[in-house]
Amino acid sequence: MNEMLKTFERLVNVALMLLLCVVIGLTVVDLVWLLIEDILAPPLFRVSAHDLLELFGLFLLVLIGLELLETIRRFYTEGRIELRVIFTVALIALGRKIIILEPTKYEGLTMIGLGVIILALVAGYLAVANKGLVLRQGRGRSESEES
């Protein structure tokens with residue numbers, strides 16, 4: 001039964017990696033298409049600030065996808081997830097949100113909340129990076145790479 005579950009888990013990981021590759025590829029195509037569209041729209045070779053923010057958002061979305069793909073690949077091959085990568089993905093995602101955010105649409109308390117989330121993620125990242133913590137498959141707790 002345990003072997004069946006491991007086989008099932010590996011199949012799901014492969015399926016997730018393949019699907020994520022498709023999503024990343026489609027996002028890159030969308031990014032290239034938007035860039036070409038923005039460059040060729042009159043006036044030629046001038047991109048508005050709004051369009052640049054949209055392009056940066058898509059660019060960061062591709063980076064998030066690549067980091068997630070690396071995380072799934074590492075879990076598939078090594079049976080572990082580096083917590084540092086999870087914090088990195090979260091920080092990139094939050095950075096993307098901040099870049100595409102229109103501050104006039106949100107209250108001050110929301111912006112303060114985003115700042116607190118950033119500080120918490122950075123503190124978590126630093127704590128994990130200094131300890132070298134990873135999550136290993138089949139164990140419920142994190143442990144140091146050195147042990």
# chains A, B, ... in the order shown; residues from 1 in each chain; ligands from 1
call {"tool": "select_by_dssp", "arguments": {"residues": "range 15-145 of chain A", "states": "strand (DSSP E)", "output": "PyMOL selection string"}}
result
chain A and resi 80-82+133-136+142-144
call {"tool": "residues_around", "arguments": {"residues": "Ile24 in chain A", "least_positions_apart": "4", "cutoff": "7 Å", "atoms": "only C-alpha atoms", "output": "list of chain:residue names"}}
result
A:Leu20, A:Val28, A:Val62, A:Gly65
call {"tool": "atom_distance", "arguments": {"atom1": "CA of Leu26 in chain A", "atom2": "CA of Arg96 in chain A"}}
result
18.3 Å
call {"tool": "atom_distance", "arguments": {"atom1": "CA of Asp51 in chain A", "atom2": "CA of Leu114 in chain A"}}
result
23.4 Å
call {"tool": "select_by_dssp", "arguments": {"residues": "chain A", "states": "helix (DSSP H, G or I)", "output": "MDAnalysis selection string"}}
result
chainID A and resid 2:40 49:78 83:100 103:105 108:131
call {"tool": "closest_residue", "arguments": {"among": "A:Met4, A:Leu94, A:Leu69, A:Leu11", "to": "Gly113 in chain A", "atoms": "only C-alpha atoms"}}
result
A:Leu94
call {"tool": "closest_residue", "arguments": {"among": "A:Leu66, A:Val116, A:Leu109, A:Ala129", "to": "Glu82 in chain A", "atoms": "only C-alpha atoms"}}
result
A:Ala129
call {"tool": "residues_around", "arguments": {"residues": "Ser48 in chain A", "least_positions_apart": "5", "cutoff": "12 Å", "atoms": "only C-alpha atoms", "output": "JSON, numbers by chain"}}
result
{"A": [35, 37, 38, 39, 41, 42, 43, 53, 54, 55]}
call {"tool": "write_last_selection", "arguments": {"atoms": "C-alpha atoms", "output": "mmCIF file, in the first residue's frame"}}
result
data_model
loop_
_atom_site.group_PDB
_atom_site.id
_atom_site.type_symbol
_atom_site.label_atom_id
_atom_site.label_comp_id
_atom_site.auth_asym_id
_atom_site.auth_seq_id
_atom_site.Cartn_x
_atom_site.Cartn_y
_atom_site.Cartn_z
ATOM 1 C CA LEU A 35 5.229 43.544 -25.330
ATOM 2 C CA GLU A 37 1.545 44.893 -29.052
ATOM 3 C CA ASP A 38 2.622 47.743 -26.744
ATOM 4 C CA ILE A 39 5.750 48.531 -28.751
ATOM 5 C CA ALA A 41 0.966 50.607 -30.914
ATOM 6 C CA PRO A 42 1.096 54.306 -31.799
ATOM 7 C CA PRO A 43 3.223 56.101 -30.794
ATOM 8 C CA LEU A 53 3.250 47.691 -14.761
ATOM 9 C CA GLU A 54 1.202 45.009 -16.514
ATOM 10 C CA LEU A 55 4.353 43.697 -18.233
#
call {"tool": "decode", "arguments": {"residues": "range 8-111 of chain A", "atoms": "C-alpha atoms", "output": "PDB file, in the first residue's frame"}}
result
ATOM      1  CA  PHE A   8       0.698   7.912  -6.976  1.00  0.00           C
ATOM      2  CA  GLU A   9       2.573  10.839  -5.413  1.00  0.00           C
ATOM      3  CA  ARG A  10       5.274  10.662  -8.067  1.00  0.00           C
ATOM      4  CA  LEU A  11       2.661  10.594 -10.852  1.00  0.00           C
ATOM      5  CA  VAL A  12       0.916  13.623  -9.373  1.00  0.00           C
ATOM      6  CA  ASN A  13       4.261  15.451  -9.120  1.00  0.00           C
ATOM      7  CA  VAL A  14       5.046  14.701 -12.774  1.00  0.00           C
ATOM      8  CA  ALA A  15       1.562  15.850 -13.813  1.00  0.00           C
ATOM      9  CA  LEU A  16       1.979  19.066 -11.812  1.00  0.00           C
ATOM     10  CA  MET A  17       5.372  19.744 -13.384  1.00  0.00           C
ATOM     11  CA  LEU A  18       4.006  19.206 -16.898  1.00  0.00           C
ATOM     12  CA  LEU A  19       0.972  21.405 -16.275  1.00  0.00           C
ATOM     13  CA  LEU A  20       3.132  24.105 -14.716  1.00  0.00           C
ATOM     14  CA  CYS A  21       5.421  24.017 -17.774  1.00  0.00           C
ATOM     15  CA  VAL A  22       2.369  24.591 -19.992  1.00  0.00           C
ATOM     16  CA  VAL A  23       1.186  27.489 -17.812  1.00  0.00           C
ATOM     17  CA  ILE A  24       4.653  29.089 -17.751  1.00  0.00           C
ATOM     18  CA  GLY A  25       4.964  28.692 -21.525  1.00  0.00           C
ATOM     19  CA  LEU A  26       1.561  30.287 -22.127  1.00  0.00           C
ATOM     20  CA  THR A  27       2.423  33.142 -19.771  1.00  0.00           C
ATOM     21  CA  VAL A  28       5.693  33.781 -21.638  1.00  0.00           C
ATOM     22  CA  VAL A  29       3.783  33.807 -24.946  1.00  0.00           C
ATOM     23  CA  ASP A  30       1.287  36.266 -23.424  1.00  0.00           C
ATOM     24  CA  LEU A  31       4.149  38.423 -22.144  1.00  0.00           C
ATOM     25  CA  VAL A  32       5.850  38.501 -25.555  1.00  0.00           C
ATOM     26  CA  TRP A  33       2.530  39.209 -27.297  1.00  0.00           C
ATOM     27  CA  LEU A  34       1.734  42.113 -24.958  1.00  0.00           C
ATOM     28  CA  LEU A  35       5.229  43.544 -25.330  1.00  0.00           C
ATOM     29  CA  ILE A  36       5.060  43.442 -29.128  1.00  0.00           C
ATOM     30  CA  GLU A  37       1.545  44.893 -29.052  1.00  0.00           C
ATOM     31  CA  ASP A  38       2.622  47.743 -26.744  1.00  0.00           C
ATOM     32  CA  ILE A  39       5.750  48.531 -28.751  1.00  0.00           C
ATOM     33  CA  LEU A  40       3.964  48.586 -32.110  1.00  0.00           C
ATOM     34  CA  ALA A  41       0.966  50.607 -30.914  1.00  0.00           C
ATOM     35  CA  PRO A  42       1.096  54.306 -31.799  1.00  0.00           C
ATOM     36  CA  PRO A  43       3.223  56.101 -30.794  1.00  0.00           C
ATOM     37  CA  LEU A  44       5.798  53.517 -31.843  1.00  0.00           C
ATOM     38  CA  PHE A  45       8.283  52.216 -29.263  1.00  0.00           C
ATOM     39  CA  ARG A  46       6.599  54.064 -26.365  1.00  0.00           C
ATOM     40  CA  VAL A  47       5.052  52.056 -23.596  1.00  0.00           C
ATOM     41  CA  SER A  48       2.757  53.704 -21.061  1.00  0.00           C
ATOM     42  CA  ALA A  49       3.374  53.385 -17.335  1.00  0.00           C
ATOM     43  CA  HIS A  50       0.183  51.322 -16.954  1.00  0.00           C
ATOM     44  CA  ASP A  51       1.323  48.891 -19.668  1.00  0.00           C
ATOM     45  CA  LEU A  52       4.787  48.643 -18.089  1.00  0.00           C
ATOM     46  CA  LEU A  53       3.250  47.691 -14.761  1.00  0.00           C
ATOM     47  CA  GLU A  54       1.202  45.009 -16.514  1.00  0.00           C
ATOM     48  CA  LEU A  55       4.353  43.697 -18.233  1.00  0.00           C
ATOM     49  CA  PHE A  56       6.295  43.660 -14.948  1.00  0.00           C
ATOM     50  CA  GLY A  57       3.414  41.802 -13.310  1.00  0.00           C
ATOM     51  CA  LEU A  58       3.511  39.112 -16.003  1.00  0.00           C
ATOM     52  CA  PHE A  59       7.298  38.918 -15.774  1.00  0.00           C
ATOM     53  CA  LEU A  60       7.098  38.300 -12.031  1.00  0.00           C
ATOM     54  CA  LEU A  61       4.339  35.757 -12.628  1.00  0.00           C
ATOM     55  CA  VAL A  62       6.763  33.802 -14.833  1.00  0.00           C
ATOM     56  CA  LEU A  63       9.402  33.971 -12.086  1.00  0.00           C
ATOM     57  CA  ILE A  64       6.883  32.678  -9.540  1.00  0.00           C
ATOM     58  CA  GLY A  65       6.020  29.805 -11.873  1.00  0.00           C
ATOM     59  CA  LEU A  66       9.695  28.931 -12.338  1.00  0.00           C
ATOM     60  CA  GLU A  67      10.289  28.944  -8.578  1.00  0.00           C
ATOM     61  CA  LEU A  68       7.265  26.693  -8.041  1.00  0.00           C
ATOM     62  CA  LEU A  69       8.499  24.374 -10.781  1.00  0.00           C
ATOM     63  CA  GLU A  70      11.892  24.181  -9.080  1.00  0.00           C
ATOM     64  CA  THR A  71      10.200  23.419  -5.762  1.00  0.00           C
ATOM     65  CA  ILE A  72       8.129  20.594  -7.244  1.00  0.00           C
ATOM     66  CA  ARG A  73      11.162  19.229  -9.120  1.00  0.00           C
ATOM     67  CA  ARG A  74      13.268  19.235  -5.966  1.00  0.00           C
ATOM     68  CA  PHE A  75      10.495  17.498  -4.010  1.00  0.00           C
ATOM     69  CA  TYR A  76      10.246  14.910  -6.811  1.00  0.00           C
ATOM     70  CA  THR A  77      13.982  14.219  -6.997  1.00  0.00           C
ATOM     71  CA  GLU A  78      15.159  14.796  -3.417  1.00  0.00           C
ATOM     72  CA  GLY A  79      11.972  14.376  -1.373  1.00  0.00           C
ATOM     73  CA  ARG A  80      12.429  17.731   0.343  1.00  0.00           C
ATOM     74  CA  ILE A  81      11.308  21.324   0.091  1.00  0.00           C
ATOM     75  CA  GLU A  82      13.605  24.175   1.038  1.00  0.00           C
ATOM     76  CA  LEU A  83      11.636  26.594   3.162  1.00  0.00           C
ATOM     77  CA  ARG A  84      13.796  29.415   1.830  1.00  0.00           C
ATOM     78  CA  VAL A  85      12.318  28.833  -1.640  1.00  0.00           C
ATOM     79  CA  ILE A  86       8.783  29.013  -0.230  1.00  0.00           C
ATOM     80  CA  PHE A  87       9.567  32.361   1.381  1.00  0.00           C
ATOM     81  CA  THR A  88      11.160  33.543  -1.866  1.00  0.00           C
ATOM     82  CA  VAL A  89       8.031  32.644  -3.848  1.00  0.00           C
ATOM     83  CA  ALA A  90       5.864  34.428  -1.286  1.00  0.00           C
ATOM     84  CA  LEU A  91       8.046  37.550  -1.443  1.00  0.00           C
ATOM     85  CA  ILE A  92       8.010  37.567  -5.260  1.00  0.00           C
ATOM     86  CA  ALA A  93       4.225  37.137  -5.256  1.00  0.00           C
ATOM     87  CA  LEU A  94       3.807  39.969  -2.776  1.00  0.00           C
ATOM     88  CA  GLY A  95       6.210  42.126  -4.788  1.00  0.00           C
ATOM     89  CA  ARG A  96       4.115  41.442  -7.888  1.00  0.00           C
ATOM     90  CA  LYS A  97       0.979  42.454  -6.020  1.00  0.00           C
ATOM     91  CA  ILE A  98       2.602  45.677  -4.852  1.00  0.00           C
ATOM     92  CA  ILE A  99       3.832  46.521  -8.368  1.00  0.00           C
ATOM     93  CA  ILE A 100       0.392  46.119  -9.952  1.00  0.00           C
ATOM     94  CA  LEU A 101      -1.399  47.647  -6.959  1.00  0.00           C
ATOM     95  CA  GLU A 102      -3.128  50.989  -7.401  1.00  0.00           C
ATOM     96  CA  PRO A 103      -2.665  52.675  -4.006  1.00  0.00           C
ATOM     97  CA  THR A 104      -5.572  55.073  -4.538  1.00  0.00           C
ATOM     98  CA  LYS A 105      -8.021  52.151  -4.492  1.00  0.00           C
ATOM     99  CA  TYR A 106      -6.990  50.918  -1.030  1.00  0.00           C
ATOM    100  CA  GLU A 107      -7.193  52.355   2.456  1.00  0.00           C
ATOM    101  CA  GLY A 108      -4.143  53.179   4.531  1.00  0.00           C
ATOM    102  CA  LEU A 109      -4.753  50.241   6.850  1.00  0.00           C
ATOM    103  CA  THR A 110      -4.518  47.837   3.901  1.00  0.00           C
ATOM    104  CA  MET A 111      -1.153  49.324   2.936  1.00  0.00           C
TER     105      MET A 111
END
